[in-house]
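Colleague: Sharing structure-v7.tsv, TSV, C-alpha atoms:
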chain	number	residue	atom	x	y	z
A	680	MET	CA	0.00	0.00	0.00
A	681	LYS	CA	2.83	2.31	0.81
A	682	PHE	CA	4.37	1.59	-2.50
A	683	ASP	CA	1.26	2.47	-4.13
A	684	GLY	CA	1.05	5.64	-2.13
A	685	GLU	CA	4.55	6.58	-2.95
A	686	ARG	CA	3.93	5.90	-6.56
A	687	SER	CA	0.82	7.93	-6.47
A	688	GLU	CA	2.63	10.94	-5.04
A	689	THR	CA	5.49	10.91	-7.46
A	690	PRO	CA	3.45	11.61	-10.59
A	691	GLU	CA	1.85	14.57	-8.98
A	692	CYS	CA	5.23	15.98	-8.16
A	693	ILE	CA	6.46	15.38	-11.65
A	694	TYR	CA	3.50	17.14	-13.16
A	695	GLN	CA	3.90	19.93	-10.76
A	696	ASN	CA	7.56	20.28	-11.66
A	697	VAL	CA	6.70	20.12	-15.28
A	698	ASP	CA	4.06	22.74	-14.87
A	699	THR	CA	6.21	24.91	-12.78
A	700	VAL	CA	9.15	24.55	-15.10
A	701	GLY	CA	7.18	25.00	-18.36
A	702	ARG	CA	5.05	27.97	-17.38
A	703	PRO	CA	7.82	30.49	-16.82
A	704	ASP	CA	9.21	29.72	-20.27
A	705	LEU	CA	5.84	30.28	-21.80
A	706	ARG	CA	5.48	33.60	-20.04
A	707	ILE	CA	8.89	34.68	-21.16
A	708	THR	CA	8.13	33.78	-24.77
A	709	GLU	CA	4.81	35.48	-24.54
A	710	LYS	CA	6.47	38.60	-23.15
A	711	GLN	CA	9.38	38.61	-25.60
A	712	GLN	CA	7.30	38.17	-28.77
A	713	PRO	CA	5.44	41.49	-28.43
A	714	LEU	CA	8.74	43.33	-27.99
A	715	GLN	CA	10.11	41.94	-31.26
A	716	HIS	CA	6.94	42.90	-33.20
A	717	THR	CA	6.93	46.52	-31.97
A	718	GLY	CA	10.55	47.14	-33.13
A	719	SER	CA	9.94	45.88	-36.63
A	720	ASP	CA	6.70	47.87	-36.86
A	721	ARG	CA	8.52	51.06	-35.97
A	722	LYS	CA	11.12	50.39	-38.64
A	723	HIS	CA	8.45	49.70	-41.22
A	724	ARG	CA	6.54	52.81	-40.20
A	725	ALA	CA	9.71	54.91	-40.38
A	726	ALA	CA	10.44	53.50	-43.82
A	727	GLU	CA	6.89	54.21	-44.93
A	728	VAL	CA	7.08	57.76	-43.59
A	729	CYS	CA	10.38	58.28	-45.36
A	730	LEU	CA	8.94	56.89	-48.60
A	731	CYS	CA	5.89	59.10	-48.26
A	732	LEU	CA	8.08	62.12	-47.64
A	733	LEU	CA	10.23	61.25	-50.65
A	734	CYS	CA	7.14	60.77	-52.80
A	735	PHE	CA	5.73	64.07	-51.56
A	736	LEU	CA	9.01	65.84	-52.25
A	737	LEU	CA	9.22	64.23	-55.69
A	738	LEU	CA	5.63	65.28	-56.40
A	739	ILE	CA	6.40	68.83	-55.31
A	740	ALA	CA	9.55	68.79	-57.47
A	741	VAL	CA	7.58	67.48	-60.45
A	742	ILE	CA	4.88	70.13	-59.93
A	743	VAL	CA	7.51	72.87	-59.66
A	744	LEU	CA	9.25	71.57	-62.77
A	745	CYS	CA	5.94	71.42	-64.64
A	746	VAL	CA	5.09	74.98	-63.58
A	747	CYS	CA	8.55	76.21	-64.59
A	748	PHE	CA	8.37	74.34	-67.87
A	749	THR	CA	4.89	75.67	-68.60
A	750	THR	CA	5.97	79.23	-67.76
A	751	GLU	CA	9.10	78.98	-69.86
A	752	ARG	CA	7.12	77.38	-72.70
A	753	HIS	CA	4.56	80.18	-72.57
A	754	GLN	CA	7.34	82.78	-72.54
A	755	LEU	CA	9.07	81.02	-75.42
A	756	LEU	CA	5.85	80.88	-77.45
A	757	THR	CA	5.23	84.57	-76.73
A	758	HIS	CA	8.79	85.40	-77.78
A	759	ILE	CA	8.39	83.32	-80.95
A	760	SER	CA	5.10	85.08	-81.78
A	761	ASN	CA	6.75	88.47	-81.19
A	762	LEU	CA	9.66	87.48	-83.42
A	763	THR	CA	7.22	86.29	-86.08
A	764	GLU	CA	5.35	89.61	-85.97
A	765	GLU	CA	8.64	91.53	-86.13
A	766	ARG	CA	9.73	89.35	-89.06
A	767	GLU	CA	6.47	90.07	-90.89
A	768	GLN	CA	6.83	93.79	-90.17
A	769	ILE	CA	10.43	93.72	-91.41
A	770	MET	CA	9.38	91.84	-94.57
A	771	GLU	CA	6.56	94.32	-95.17
A	772	HIS	CA	8.94	97.22	-94.62
A	773	ASN	CA	11.42	95.56	-96.98
A	774	ASN	CA	8.71	95.16	-99.62
A	775	ASN	CA	7.76	98.82	-99.22
A	776	LEU	CA	11.40	99.84	-99.55
A	777	THR	CA	11.72	97.64	-102.65
A	778	GLN	CA	8.66	99.27	-104.21
A	779	GLU	CA	9.96	102.74	-103.35
A	780	ARG	CA	13.34	101.80	-104.83
A	781	GLU	CA	11.66	100.63	-108.04
A	782	GLN	CA	9.61	103.83	-108.18
A	783	ILE	CA	12.74	105.92	-107.62
A	784	LEU	CA	14.58	103.99	-110.33
A	785	THR	CA	11.64	104.47	-112.68
A	786	LYS	CA	11.54	108.20	-111.96
A	787	TYR	CA	15.31	108.36	-112.37
A	788	GLU	CA	15.09	106.67	-115.77
A	789	GLN	CA	12.28	109.02	-116.75
A	790	MET	CA	14.37	112.01	-115.65
A	791	LEU	CA	17.35	110.69	-117.62
A	792	ASN	CA	15.19	110.25	-120.70
A	793	ARG	CA	13.70	113.69	-120.20
A	794	ASN	CA	17.17	115.16	-119.74
A	795	LYS	CA	18.32	113.49	-122.96
A	796	ARG	CA	15.24	114.77	-124.77
A	797	LEU	CA	15.75	118.29	-123.39
A	798	THR	CA	19.41	118.14	-124.36
A	799	LYS	CA	18.45	117.20	-127.91
A	800	GLU	CA	15.83	119.95	-127.98
A	801	ARG	CA	18.38	122.41	-126.63
A	802	VAL	CA	20.85	121.42	-129.33
A	803	GLN	CA	18.08	121.73	-131.93
A	804	ILE	CA	17.02	125.12	-130.55
A	805	MET	CA	20.60	126.33	-130.59
A	806	LYS	CA	20.93	125.09	-134.12
A	807	ASN	CA	17.69	126.80	-135.11
A	808	ASN	CA	18.85	129.94	-133.33
A	809	SER	CA	22.10	129.92	-135.24
A	810	ASN	CA	20.15	129.38	-138.46
A	811	LEU	CA	17.83	132.24	-137.57
A	812	ILE	CA	20.81	134.44	-136.84
A	813	GLU	CA	22.26	133.54	-140.21
A	814	GLU	CA	18.90	134.20	-141.87
A	815	LYS	CA	18.67	137.50	-140.05
A	816	LYS	CA	22.09	138.46	-141.29
A	817	GLN	CA	21.13	137.33	-144.78
A	818	LEU	CA	17.90	139.33	-144.64
A	819	LYS	CA	19.78	142.30	-143.37
A	820	ASN	CA	22.25	142.01	-146.23
A	821	ASP	CA	19.37	141.56	-148.69
A	822	LYS	CA	17.65	144.59	-147.23
A	823	ASN	CA	20.79	146.65	-147.52
A	824	ARG	CA	21.32	145.44	-151.06
A	825	VAL	CA	17.69	146.28	-151.95
A	826	TYR	CA	18.00	149.72	-150.42
A	827	SER	CA	21.22	150.34	-152.30
A	828	TRP	CA	19.65	149.11	-155.50
A	829	LEU	CA	16.61	151.30	-154.95
A	830	SER	CA	18.80	154.30	-154.38
A	831	GLU	CA	20.65	153.53	-157.60
A	832	GLN	CA	17.34	153.24	-159.46
A	833	ASP	CA	16.20	156.55	-158.01
A	834	GLN	CA	19.38	158.17	-159.14
A	835	GLN	CA	18.87	156.79	-162.66
A	836	ARG	CA	15.31	158.18	-162.67
A	837	GLU	CA	13.85	155.27	-164.52
A	838	PRO	CA	10.06	155.16	-164.88
A	839	ILE	CA	9.55	152.43	-162.26
A	840	LYS	CA	7.75	152.27	-159.03
A	841	TRP	CA	8.60	150.10	-156.06
A	842	MET	CA	5.96	149.37	-153.41
A	843	TYR	CA	6.03	147.42	-150.15
A	844	TYR	CA	3.18	145.11	-149.24
A	845	ASN	CA	2.90	142.10	-146.93
A	846	PHE	CA	6.64	141.83	-146.23
A	847	SER	CA	7.52	142.00	-149.91
A	848	PHE	CA	8.61	144.60	-152.47
A	849	TYR	CA	6.69	144.88	-155.70
A	850	TYR	CA	8.02	146.46	-158.89
A	851	ILE	CA	5.27	147.98	-160.96
A	852	SER	CA	6.32	148.61	-164.53
A	853	SER	CA	4.60	151.02	-166.89
A	854	GLU	CA	5.37	148.82	-169.89
A	855	LYS	CA	2.75	146.42	-171.18
A	856	LYS	CA	4.04	142.94	-172.01
A	857	SER	CA	2.71	139.45	-172.26
A	858	TRP	CA	2.96	137.00	-169.38
A	859	ILE	CA	5.87	135.16	-170.94
A	860	ASP	CA	7.79	138.34	-171.78
A	861	SER	CA	7.15	139.76	-168.30
A	862	ARG	CA	8.38	136.57	-166.69
A	863	ARG	CA	11.48	136.53	-168.89
A	864	ASP	CA	12.17	140.17	-168.04
A	865	CYS	CA	11.87	139.42	-164.29
A	866	GLU	CA	14.22	136.48	-164.57
A	867	THR	CA	16.85	138.59	-166.31
A	868	LYS	CA	16.68	141.05	-163.42
A	869	ASN	CA	16.72	138.26	-160.75
A	870	PHE	CA	13.10	138.97	-159.82
A	871	TRP	CA	10.03	136.80	-159.54
A	872	ILE	CA	6.89	137.71	-161.28
A	873	GLY	CA	4.12	138.51	-158.83
A	874	LEU	CA	0.85	136.64	-158.74
A	875	ILE	CA	-1.91	137.98	-156.50
A	876	ASN	CA	-4.92	135.73	-156.14
A	877	THR	CA	-6.47	137.04	-152.94
A	878	GLU	CA	-9.27	139.59	-152.83
A	879	LYS	CA	-7.32	141.69	-150.36
A	880	GLY	CA	-4.33	141.78	-152.67
A	881	ARG	CA	-6.52	142.83	-155.59
A	882	LYS	CA	-8.04	145.65	-153.56
A	883	TRP	CA	-4.54	146.81	-152.62
A	884	ILE	CA	-3.48	146.78	-156.26
A	885	ASN	CA	-6.62	148.61	-157.39
A	886	GLY	CA	-6.32	151.15	-154.63
A	887	THR	CA	-2.63	151.76	-155.20
A	888	LEU	CA	-2.46	152.06	-158.95
A	889	THR	CA	-3.53	155.36	-160.50
A	890	PRO	CA	-5.66	155.55	-163.68
A	891	ASN	CA	-2.67	156.79	-165.69
A	892	GLU	CA	-0.70	153.73	-164.68
Spell out the structure here as structure tokens.

Modeller:
Amino acid sequence: MKFDGERSETPECIYQNVDTVGRPDLRITEKQQPLQHTGSDRKHRAAEVCLCLLCFLLLIAVIVLCVCFTTERHQLLTHISNLTEEREQIMEHNNNLTQEREQILTKYEQMLNRNKRLTKERVQIMKNNSNLIEEKKQLKNDKNRVYSWLSEQDQQREPIKWMYYNFSFYYISSEKKSWIDSRRDCETKNFWIGLINTEKGRKWINGTLTPNE
């Protein structure tokens, strides 16, 4: 019976030892596991915060770059449009200058042609003037010769009569001859026989001549 009692007590002690020995280990493991999880969570959270900050900074940088790029692009487009307008204005001004140059060249050619024409006319006028001067001298000599010849005829007291009419001298002879003889007589004296066909000339002849003539 004692053996049985001893044997019955020993298992209880063993279980108690097992329980007492195993429980502290379980408590320690239970206490240590939460500590390990909290450290890794903090690291993960720190990494996530850092990643979020980096993403936020990158987003801000991208936004700033986009704003700067958009501003610079707008400024560049404005500058290009201004340059295009200036180029069009310069081309229009160049076209206007080209047209003015062509007009000036045309006027210059016209002036040259006019100058050449005026020079020719001047030369012609000078030539005509010289001819008129020569004719004037010739007329003056003819006039002097006629006056001298008339004075000689007056001194000879021939029965002739000289009359001036319409810038010409007419010799009226008292002799009656035929047309052919009168023409031949004028040619021998270097005259031209007069022929008056106008009514005014006939009136002058009729009014000038006397009945005896």

Colleague: In Å, how far is it from CA of Tyr849 (chain A) to CA of Glu813 (chain A)?

Modeller: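 Between CA of Tyr849 (chain A) and CA of Glu813 (chain A) the gap is 24.7 Å.
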
Colleague: Quote the spacing between CA of Asn810 (chain A) and CA of Ser847 (chain A) in Å to one decimal place.

Modeller: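 Result for CA of Asn810 (chain A) versus CA of Ser847 (chain A): 21.2 Å, one decimal.
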
Colleague: Taking all atoms listed in the file into account, name the residue in A:Lys856, A:Arg863, A:Cys731, A:Tyr850 that is nearest to Ile884 (chain A).

Modeller: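 Closest residue, counting all atoms listed in the file: A:Tyr850.
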